[in-house]
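Dumped work15.cif below, it's mmCIF, C-alpha atoms:
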data_target
#
loop_
_atom_site.label_atom_id
_atom_site.label_comp_id
_atom_site.auth_asym_id
_atom_site.auth_seq_id
_atom_site.Cartn_x
_atom_site.Cartn_y
_atom_site.Cartn_z
CA MET Y 448 1.31 14.00 -31.19
CA SER Y 449 -0.65 10.72 -31.33
CA ALA Y 450 -1.08 8.42 -28.35
CA GLU Y 451 0.76 5.66 -30.24
CA ALA Y 452 3.82 7.87 -30.52
CA VAL Y 453 3.83 8.60 -26.79
CA THR Y 454 3.24 5.10 -25.39
CA PRO Y 455 6.65 3.49 -26.13
CA GLU Y 456 8.45 6.46 -24.54
CA VAL Y 457 6.29 6.14 -21.42
CA THR Y 458 7.00 2.42 -21.17
CA ALA Y 459 10.73 2.83 -21.54
CA HIS Y 460 11.01 5.67 -19.02
CA GLU Y 461 8.24 4.71 -16.67
CA GLY Y 462 9.17 7.30 -14.02
CA HIS Y 463 9.10 10.64 -15.87
CA ARG Y 464 12.02 12.88 -14.94
CA THR Y 465 11.40 16.15 -13.14
CA SER Y 466 13.41 19.30 -13.85
CA LEU Y 467 15.60 18.20 -10.91
CA GLY Y 468 16.65 15.13 -12.89
CA VAL Y 469 14.89 12.67 -10.59
CA SER Y 470 11.92 10.41 -11.22
CA ASN Y 471 8.47 11.89 -10.46
CA THR Y 472 7.18 8.71 -8.85
CA LYS Y 473 10.26 8.28 -6.66
CA LEU Y 474 10.08 11.93 -5.61
CA ALA Y 475 6.40 11.40 -4.75
CA ILE Y 476 7.04 8.28 -2.66
CA TRP Y 477 9.86 9.99 -0.72
CA THR Y 478 7.63 13.01 -0.06
CA PHE Y 479 4.90 10.63 1.12
CA ILE Y 480 7.39 8.81 3.40
CA GLY Y 481 8.56 12.16 4.82
CA SER Y 482 4.96 13.04 5.72
CA GLU Y 483 4.37 9.56 7.15
CA CYS Y 484 7.33 10.13 9.51
CA LEU Y 485 5.39 13.01 11.02
CA PHE Y 486 2.21 10.93 11.22
CA PHE Y 487 3.88 8.12 13.15
CA GLY Y 488 6.02 10.57 15.13
CA ALA Y 489 2.81 12.18 16.43
CA LEU Y 490 1.26 8.78 17.26
CA ILE Y 491 4.38 7.55 19.11
CA SER Y 492 4.60 10.83 21.07
CA THR Y 493 0.89 10.53 21.99
CA HIS Y 494 1.48 7.01 23.27
CA LEU Y 495 4.43 8.21 25.39
CA ILE Y 496 2.26 10.97 26.87
CA TYR Y 497 -0.21 8.32 28.03
CA VAL Y 498 2.34 5.70 29.09
CA ASN Y 499 1.46 6.08 32.78
CA THR Y 500 -2.33 6.35 32.41
CA ARG Y 501 -3.39 2.76 32.84
CA ALA Y 502 -6.38 3.35 35.19
CA ASP Y 503 -7.28 -0.06 36.66
CA GLY Y 504 -6.36 -1.94 33.49
CA PRO Y 505 -3.25 -4.02 32.88
CA GLY Y 506 0.03 -2.48 31.74
CA ALA Y 507 3.11 -3.47 29.76
CA GLU Y 508 3.58 -6.56 31.97
CA ILE Y 509 1.14 -8.49 29.71
CA PHE Y 510 3.42 -8.12 26.67
CA ASP Y 511 4.81 -11.42 25.44
CA ILE Y 512 8.30 -10.21 24.49
CA PRO Y 513 9.57 -13.54 23.03
CA PHE Y 514 6.50 -13.67 20.75
CA THR Y 515 6.88 -10.02 19.64
CA SER Y 516 10.62 -10.58 19.09
CA VAL Y 517 9.81 -13.38 16.63
CA SER Y 518 7.28 -11.07 14.87
CA THR Y 519 9.96 -8.37 14.66
CA PHE Y 520 12.43 -10.85 13.18
CA VAL Y 521 9.82 -11.94 10.61
CA LEU Y 522 9.21 -8.32 9.50
CA LEU Y 523 12.96 -7.65 9.26
CA MET Y 524 13.37 -10.73 7.07
CA SER Y 525 10.49 -9.54 4.87
CA SER Y 526 12.54 -6.38 4.23
CA LEU Y 527 15.48 -8.58 3.21
CA ALA Y 528 13.18 -10.56 0.87
CA MET Y 529 11.98 -7.25 -0.62
CA VAL Y 530 15.49 -6.06 -1.55
CA LEU Y 531 16.25 -9.51 -2.99
CA ALA Y 532 13.09 -9.17 -5.13
CA LEU Y 533 14.34 -5.77 -6.34
CA ALA Y 534 17.81 -7.17 -7.12
CA ALA Y 535 16.17 -10.02 -9.07
CA ILE Y 536 13.94 -7.79 -11.22
CA GLN Y 537 16.84 -5.42 -11.89
CA ALA Y 538 18.83 -8.43 -13.08
CA GLY Y 539 15.89 -9.45 -15.31
CA ASP Y 540 15.34 -12.72 -13.39
CA MET Y 541 11.52 -12.70 -13.19
CA ARG Y 542 11.24 -16.21 -11.72
CA ARG Y 543 13.41 -15.24 -8.75
CA PHE Y 544 11.58 -11.90 -8.50
CA ARG Y 545 8.22 -13.66 -8.15
CA LEU Y 546 9.64 -16.00 -5.52
CA TRP Y 547 11.00 -13.14 -3.37
CA ILE Y 548 8.02 -10.79 -3.80
CA LEU Y 549 5.69 -13.60 -2.74
CA SER Y 550 7.98 -14.41 0.22
CA THR Y 551 7.85 -10.74 1.27
CA GLY Y 552 4.04 -10.81 1.20
CA LEU Y 553 3.89 -14.10 3.11
CA LEU Y 554 6.26 -12.86 5.82
CA GLY Y 555 4.17 -9.68 6.09
CA ALA Y 556 1.03 -11.82 6.45
CA VAL Y 557 2.71 -13.88 9.21
CA PHE Y 558 3.57 -10.63 11.03
CA LEU Y 559 -0.01 -9.39 10.67
CA ALA Y 560 -1.45 -12.71 11.88
CA GLY Y 561 0.85 -12.45 14.92
CA GLN Y 562 -0.44 -8.95 15.63
CA ILE Y 563 -4.07 -10.12 15.43
CA TYR Y 564 -3.28 -13.04 17.76
CA GLU Y 565 -1.54 -10.62 20.17
CA TYR Y 566 -4.65 -8.39 20.19
CA THR Y 567 -6.88 -11.35 21.11
CA VAL Y 568 -4.57 -12.14 24.05
CA PHE Y 569 -4.69 -8.49 25.20
CA PHE Y 570 -8.49 -8.44 24.92
CA ALA Y 571 -8.67 -11.62 27.03
CA GLU Y 572 -6.45 -9.92 29.64
CA GLY Y 573 -8.91 -6.99 29.82
CA ALA Y 574 -6.92 -4.54 27.70
CA THR Y 575 -9.24 -3.04 25.09
CA LEU Y 576 -9.51 0.29 23.29
CA PRO Y 577 -11.60 2.04 26.02
CA THR Y 578 -9.73 0.45 28.98
CA SER Y 579 -7.40 3.43 29.49
CA PRO Y 580 -5.66 6.20 27.50
CA TYR Y 581 -2.56 3.95 27.51
CA TRP Y 582 -4.36 1.13 25.68
CA SER Y 583 -6.27 3.54 23.41
CA SER Y 584 -3.01 5.05 22.17
CA PHE Y 585 -1.38 1.59 21.97
CA PHE Y 586 -4.13 0.15 19.75
CA LEU Y 587 -4.27 3.35 17.66
CA LEU Y 588 -0.50 3.28 17.07
CA THR Y 589 -0.02 -0.44 16.43
CA GLY Y 590 -3.37 -0.63 14.59
CA PHE Y 591 -2.35 2.08 12.12
CA HIS Y 592 0.95 0.27 11.61
CA GLY Y 593 -0.97 -2.96 10.97
CA VAL Y 594 -3.16 -1.19 8.39
CA HIS Y 595 0.01 -0.02 6.63
CA VAL Y 596 1.32 -3.61 6.60
CA ALA Y 597 -2.02 -4.90 5.22
CA PHE Y 598 -1.97 -2.25 2.45
CA GLY Y 599 1.63 -3.20 1.65
CA ILE Y 600 0.68 -6.89 1.36
CA LEU Y 601 -2.09 -5.99 -1.12
CA MET Y 602 0.42 -4.05 -3.24
CA LEU Y 603 2.93 -6.94 -3.09
CA VAL Y 604 0.28 -9.41 -4.25
CA ALA Y 605 -0.72 -6.98 -7.02
CA ALA Y 606 2.94 -6.75 -8.13
CA TRP Y 607 3.22 -10.55 -8.13
CA ALA Y 608 -0.04 -10.91 -10.13
CA SER Y 609 1.11 -8.21 -12.60
CA SER Y 610 4.39 -10.03 -13.17
CA MET Y 611 2.50 -13.30 -13.74
CA SER Y 612 0.34 -11.65 -16.40
CA GLY Y 613 3.37 -9.99 -18.02
CA ARG Y 614 2.30 -6.43 -17.20
CA LEU Y 615 5.24 -5.98 -14.82
CA THR Y 616 8.58 -6.62 -16.46
CA SER Y 617 12.19 -5.77 -15.63
CA ALA Y 618 11.68 -2.49 -17.56
CA GLN Y 619 9.40 -1.37 -14.71
CA SER Y 620 11.84 -2.17 -11.89
CA GLU Y 621 11.35 1.36 -10.51
CA THR Y 622 7.75 0.44 -9.60
CA VAL Y 623 9.15 -2.40 -7.46
CA GLU Y 624 11.75 -0.04 -5.97
CA ASN Y 625 8.99 2.39 -4.93
CA LEU Y 626 6.93 -0.45 -3.46
CA GLY Y 627 10.07 -1.54 -1.60
CA LEU Y 628 10.57 1.97 -0.18
CA TYR Y 629 7.05 1.85 1.28
CA TRP Y 630 7.65 -1.65 2.70
CA HIS Y 631 10.98 -0.69 4.31
CA PHE Y 632 9.34 2.39 5.82
CA VAL Y 633 6.75 0.12 7.48
CA ASP Y 634 9.70 -1.94 8.75
CA ILE Y 635 11.60 1.04 10.25
CA VAL Y 636 8.44 2.19 12.04
CA TRP Y 637 8.22 -1.25 13.65
CA ILE Y 638 11.92 -1.13 14.58
CA LEU Y 639 11.08 2.01 16.62
CA LEU Y 640 7.83 0.61 18.06
CA PHE Y 641 9.47 -2.63 19.22
CA THR Y 642 11.91 -0.70 21.41
CA LEU Y 643 9.83 2.32 22.47
CA VAL Y 644 6.48 0.59 23.01
CA TYR Y 645 7.47 -2.96 23.98
CA LEU Y 646 11.03 -3.37 25.28
CA ILE Y 647 11.61 -0.16 27.29
CA PRO Y 648 8.22 0.05 29.09
CA ALA Y 649 8.19 -3.70 29.82
CA GLY Y 650 11.81 -3.74 31.02
CA MET K 309 24.24 20.59 -10.88
CA ALA K 310 21.41 18.23 -11.77
CA GLU K 311 20.80 15.54 -9.19
CA HIS K 312 20.55 12.30 -11.12
CA ASP K 313 19.50 8.98 -9.66
CA GLU K 314 19.29 7.16 -12.97
CA ASP K 315 22.58 5.31 -12.56
CA ALA K 316 22.54 5.20 -8.75
CA TYR K 317 24.56 2.29 -7.31
CA HIS K 318 22.49 -0.41 -5.62
CA PRO K 319 24.11 -3.06 -3.39
CA GLY K 320 24.19 -6.64 -4.65
CA THR K 321 22.51 -9.75 -3.22
CA GLY K 322 25.50 -10.64 -1.02
CA GLU K 323 25.60 -7.19 0.58
CA TYR K 324 21.83 -7.29 1.21
CA ILE K 325 22.16 -10.67 2.95
CA GLN K 326 25.02 -9.33 5.11
CA ILE K 327 22.82 -6.39 6.18
CA GLY K 328 19.95 -8.81 6.89
CA ILE K 329 22.21 -10.90 9.14
CA ILE K 330 23.45 -7.79 10.99
CA LEU K 331 19.82 -6.68 11.55
CA ALA K 332 18.93 -10.12 12.95
CA VAL K 333 21.97 -10.08 15.27
CA LEU K 334 21.15 -6.55 16.54
CA THR K 335 17.56 -7.66 17.26
CA ALA K 336 18.87 -10.69 19.15
CA ILE K 337 21.14 -8.40 21.24
CA GLU K 338 18.13 -6.19 22.05
CA VAL K 339 16.14 -9.19 23.27
CA VAL K 340 19.10 -10.50 25.33
CA LEU K 341 19.50 -7.03 26.89
CA TYR K 342 15.81 -7.09 27.84
CA PHE K 343 16.04 -10.52 29.44
CA LEU K 344 19.25 -9.73 31.34
CA GLY K 345 17.13 -7.38 33.46
CA ILE K 346 19.97 -4.90 33.99
CA ASP K 347 19.49 -1.38 35.35
CA GLN K 348 17.26 0.71 33.04
CA ARG K 349 19.80 3.57 33.20
CA ILE K 350 22.11 1.28 31.21
CA SER K 351 19.66 -0.84 29.21
CA THR K 352 17.51 2.04 27.88
CA PRO K 353 20.37 3.99 26.19
CA ALA K 354 21.80 0.69 24.89
CA LEU K 355 18.42 -0.30 23.41
CA LEU K 356 18.01 3.15 21.84
CA ALA K 357 21.50 2.93 20.30
CA LEU K 358 20.79 -0.53 18.84
CA THR K 359 17.45 0.71 17.47
CA ALA K 360 19.16 3.70 15.84
CA MET K 361 21.71 1.37 14.21
CA LYS K 362 18.95 -0.88 12.81
CA PHE K 363 16.96 2.15 11.62
CA LEU K 364 19.96 3.64 9.79
CA LEU K 365 21.00 0.31 8.25
CA VAL K 366 17.54 -0.12 6.69
CA VAL K 367 17.31 3.51 5.60
CA PHE K 368 20.79 3.77 4.07
CA TRP K 369 21.16 0.27 2.54
CA PHE K 370 17.71 -1.26 1.96
CA MET K 371 16.15 2.12 1.02
CA HIS K 372 19.35 3.12 -0.85
CA LEU K 373 19.58 6.59 0.72
CA ARG K 374 23.36 6.12 0.95
CA PHE K 375 23.58 5.81 -2.82
CA ASP K 376 20.61 7.86 -4.05
CA THR K 377 20.29 11.57 -4.78
CA PRO K 378 20.71 13.93 -1.78
CA LEU K 379 17.24 15.36 -2.47
CA PHE K 380 15.62 12.16 -1.17
CA ARG K 381 17.83 12.25 1.93
CA ARG K 382 16.68 15.80 2.60
CA LEU K 383 13.00 14.88 2.13
CA PHE K 384 13.25 11.90 4.48
CA PHE K 385 15.31 13.55 7.18
CA THR K 386 13.10 16.68 7.14
CA GLY K 387 10.10 14.48 8.01
CA ALA K 388 12.08 12.35 10.46
CA GLY K 389 13.66 15.46 12.04
CA LEU K 390 10.27 17.11 12.56
CA ALA K 391 8.93 13.87 14.06
CA GLY K 392 11.98 13.79 16.34
CA SER K 393 11.27 17.40 17.38
CA VAL K 394 7.71 16.48 18.37
CA PHE K 395 9.13 13.54 20.32
CA ALA K 396 11.75 15.75 22.03
CA ALA K 397 9.12 18.39 22.89
CA VAL K 398 6.94 15.75 24.56
CA GLY K 399 9.96 14.45 26.45
CA ALA K 400 10.89 17.96 27.58
CA ILE K 401 7.35 18.63 28.84
CA PHE K 402 7.49 15.48 30.93
CA TYR K 403 11.00 16.08 32.20
CA PHE K 404 10.83 19.83 32.95
CA GLY K 405 7.06 20.36 33.26
CA PRO K 406 5.02 20.54 36.48
CA GLN K 407 4.72 17.19 38.22
#

Show me this structure written as structure tokens.
Amino acid sequence: MSAEAVTPEVTAHEGHRTSLGVSNTKLAIWTFIGSECLFFGALISTHLIYVNTRADGPGAEIFDIPFTSVSTFVLLMSSLAMVLALAAIQAGDMRRFRLWILSTGLLGAVFLAGQIYEYTVFFAEGATLPTSPYWSSFFLLTGFHGVHVAFGILMLVAAWASSMSGRLTSAQSETVENLGLYWHFVDIVWILLFTLVYLIPAG
Amino acid sequence: MAEHDEDAYHPGTGEYIQIGIILAVLTAIEVVLYFLGIDQRISTPALLALTAMKFLLVVFWFMHLRFDTPLFRRLFFTGAGLAGSVFAAVGAIFYFGPQ
């Protein structure tokens, strides 16, 4: 069979179906998310093990809860923008899709900028990676989450650029759905971190 | 029976906005609970309950697990369940282990 004969089929059914009747790419992203649960579960548990090992360094009292609450709100709203982007592309409204996908990326960037600012405040207060096991596990956990957010922003910008060049159309809405699944996963990890790492220890 | 997600129902814009508003309100309640400074024996379970509600709202509505094929639910909750087991094991070590 020639490549020309295959290409239209691939474009129309972008996510090939498995023998289970589900899309390969969606199955892959859910498997990835399942494994990521374990990754972050291990990091959160490690942080809880070290929650009382602050040596002579500062503890949770240096958290700025109002500031982190605003960051949390921003990330939650980015998840809302992401589902609105998905609804727009599924409806074939590419102008609205580009608006919402760009909003999602911008809100993610605001969250990330807040996290970097928060780190500079912690460093100034004497809380750095080698300060104590508590801060090592804190920076490892929140740092890995930040890397996930940064990677997500890159993918959102790539999706926006692809739609601008016409390579991403409403026929490929499943690509946006998979990107959304990753973004929402990053959001649910933060929902847990906000309570377990910030609110409860600082309360 | 084949598990098909091709025609899976997805909520509309209005429903997504409603969920977004509920998430914002739950976050606001969490922050208010923190600032009220009430006994941790009350505030900690309340905060955990609010977090669980937010977590499930995002997972079931924004990630469409409520409407998608059960296979994806199983994949996600296997990972999340194992992560929860690690978390519970650590908690048990601290609670029952030598001081």

Evaluated on this file, the PyMOL selection byres ((chain Y) within 9 of (chain K)) picks out some residues - which ones are they, written as a PDB file with C-alpha atoms, keeping the file's coordinate frame?
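Saved as result-v7.pdb:
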ATOM      1  CA  SER Y 466      13.410  19.300 -13.850  1.00  0.00           C
ATOM      2  CA  LEU Y 467      15.600  18.200 -10.910  1.00  0.00           C
ATOM      3  CA  GLY Y 468      16.650  15.130 -12.890  1.00  0.00           C
ATOM      4  CA  VAL Y 469      14.890  12.670 -10.590  1.00  0.00           C
ATOM      5  CA  SER Y 470      11.920  10.410 -11.220  1.00  0.00           C
ATOM      6  CA  LYS Y 473      10.260   8.280  -6.660  1.00  0.00           C
ATOM      7  CA  LEU Y 474      10.080  11.930  -5.610  1.00  0.00           C
ATOM      8  CA  TRP Y 477       9.860   9.990  -0.720  1.00  0.00           C
ATOM      9  CA  THR Y 478       7.630  13.010  -0.060  1.00  0.00           C
ATOM     10  CA  ILE Y 480       7.390   8.810   3.400  1.00  0.00           C
ATOM     11  CA  GLY Y 481       8.560  12.160   4.820  1.00  0.00           C
ATOM     12  CA  SER Y 482       4.960  13.040   5.720  1.00  0.00           C
ATOM     13  CA  GLU Y 483       4.370   9.560   7.150  1.00  0.00           C
ATOM     14  CA  CYS Y 484       7.330  10.130   9.510  1.00  0.00           C
ATOM     15  CA  LEU Y 485       5.390  13.010  11.020  1.00  0.00           C
ATOM     16  CA  PHE Y 486       2.210  10.930  11.220  1.00  0.00           C
ATOM     17  CA  PHE Y 487       3.880   8.120  13.150  1.00  0.00           C
ATOM     18  CA  GLY Y 488       6.020  10.570  15.130  1.00  0.00           C
ATOM     19  CA  ALA Y 489       2.810  12.180  16.430  1.00  0.00           C
ATOM     20  CA  ILE Y 491       4.380   7.550  19.110  1.00  0.00           C
ATOM     21  CA  SER Y 492       4.600  10.830  21.070  1.00  0.00           C
ATOM     22  CA  THR Y 493       0.890  10.530  21.990  1.00  0.00           C
ATOM     23  CA  LEU Y 495       4.430   8.210  25.390  1.00  0.00           C
ATOM     24  CA  ILE Y 496       2.260  10.970  26.870  1.00  0.00           C
ATOM     25  CA  ILE Y 512       8.300 -10.210  24.490  1.00  0.00           C
ATOM     26  CA  PRO Y 513       9.570 -13.540  23.030  1.00  0.00           C
ATOM     27  CA  SER Y 516      10.620 -10.580  19.090  1.00  0.00           C
ATOM     28  CA  THR Y 519       9.960  -8.370  14.660  1.00  0.00           C
ATOM     29  CA  PHE Y 520      12.430 -10.850  13.180  1.00  0.00           C
ATOM     30  CA  LEU Y 523      12.960  -7.650   9.260  1.00  0.00           C
ATOM     31  CA  MET Y 524      13.370 -10.730   7.070  1.00  0.00           C
ATOM     32  CA  SER Y 526      12.540  -6.380   4.230  1.00  0.00           C
ATOM     33  CA  LEU Y 527      15.480  -8.580   3.210  1.00  0.00           C
ATOM     34  CA  MET Y 529      11.980  -7.250  -0.620  1.00  0.00           C
ATOM     35  CA  VAL Y 530      15.490  -6.060  -1.550  1.00  0.00           C
ATOM     36  CA  LEU Y 531      16.250  -9.510  -2.990  1.00  0.00           C
ATOM     37  CA  ALA Y 534      17.810  -7.170  -7.120  1.00  0.00           C
ATOM     38  CA  ALA Y 535      16.170 -10.020  -9.070  1.00  0.00           C
ATOM     39  CA  GLU Y 624      11.750  -0.040  -5.970  1.00  0.00           C
ATOM     40  CA  GLY Y 627      10.070  -1.540  -1.600  1.00  0.00           C
ATOM     41  CA  LEU Y 628      10.570   1.970  -0.180  1.00  0.00           C
ATOM     42  CA  HIS Y 631      10.980  -0.690   4.310  1.00  0.00           C
ATOM     43  CA  PHE Y 632       9.340   2.390   5.820  1.00  0.00           C
ATOM     44  CA  ASP Y 634       9.700  -1.940   8.750  1.00  0.00           C
ATOM     45  CA  ILE Y 635      11.600   1.040  10.250  1.00  0.00           C
ATOM     46  CA  VAL Y 636       8.440   2.190  12.040  1.00  0.00           C
ATOM     47  CA  ILE Y 638      11.920  -1.130  14.580  1.00  0.00           C
ATOM     48  CA  LEU Y 639      11.080   2.010  16.620  1.00  0.00           C
ATOM     49  CA  PHE Y 641       9.470  -2.630  19.220  1.00  0.00           C
ATOM     50  CA  THR Y 642      11.910  -0.700  21.410  1.00  0.00           C
ATOM     51  CA  LEU Y 643       9.830   2.320  22.470  1.00  0.00           C
ATOM     52  CA  LEU Y 646      11.030  -3.370  25.280  1.00  0.00           C
ATOM     53  CA  ILE Y 647      11.610  -0.160  27.290  1.00  0.00           C
ATOM     54  CA  ALA Y 649       8.190  -3.700  29.820  1.00  0.00           C
ATOM     55  CA  GLY Y 650      11.810  -3.740  31.020  1.00  0.00           C
TER      56      GLY Y 650
END

Please list as a ChimeraX atom specification every residue within 10 Å of Gly593 in chain Y, counting only C-alpha atoms and excluding residues in the same chain fewer than 5 positions away.
/Y:555,558-560,562-563,586-588,598-599,633,637

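When you apply the PyMOL selection byres ((chain Y and resi 583) around 12) to this structure, what comes back is Leu490, Thr493, His494, Leu495, Ile496, Tyr497, Val498, Thr500, Arg501, Ala502, Gly504, Ala574, Thr575, Leu576, Pro577, Thr578, Ser579, Pro580, Tyr581, Trp582, Ser584, Phe585, Phe586, Leu587, Leu588, Thr589 and Gly590 of chain Y.
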
Using only C-alpha atoms, which residue out of Y:Ala532, Y:Met541, Y:Gly561, Y:Asp503 lies closest to Val623 in chain Y?
Y:Ala532

Record the distance separating CA of Leu640 in chain Y and CA of Leu546 in chain Y, expressed in Å with one decimal.
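Between these atoms lies a distance of 28.9 Å.
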
Report the distance between CA of Ile476 in chain Y and CA of His595 in chain Y in Å, rounded to one decimal place.
14.3 Å

Padding 3 Å on each side, edges along x, y and z: where is the centre of the box around the listed atoms of range 323-336 of chain K, and how long are its edges in Å to one decimal? Output it as AutoDock Vina command-line options.
--center_x 21.6 --center_y -8.6 --center_z 9.9 --size_x 14.0 --size_y 10.5 --size_z 24.6

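Counting from CA of Asn625 in chain Y, the distance to CA of Asp540 in chain Y is 18.4 Å.
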
Given the PyMOL selection byres ((chain Y and resi 539) around 12) and the file above, list the residues it selects as a VMD selection string.
chain Y and resid 532 to 538 540 to 545 610 615 to 620
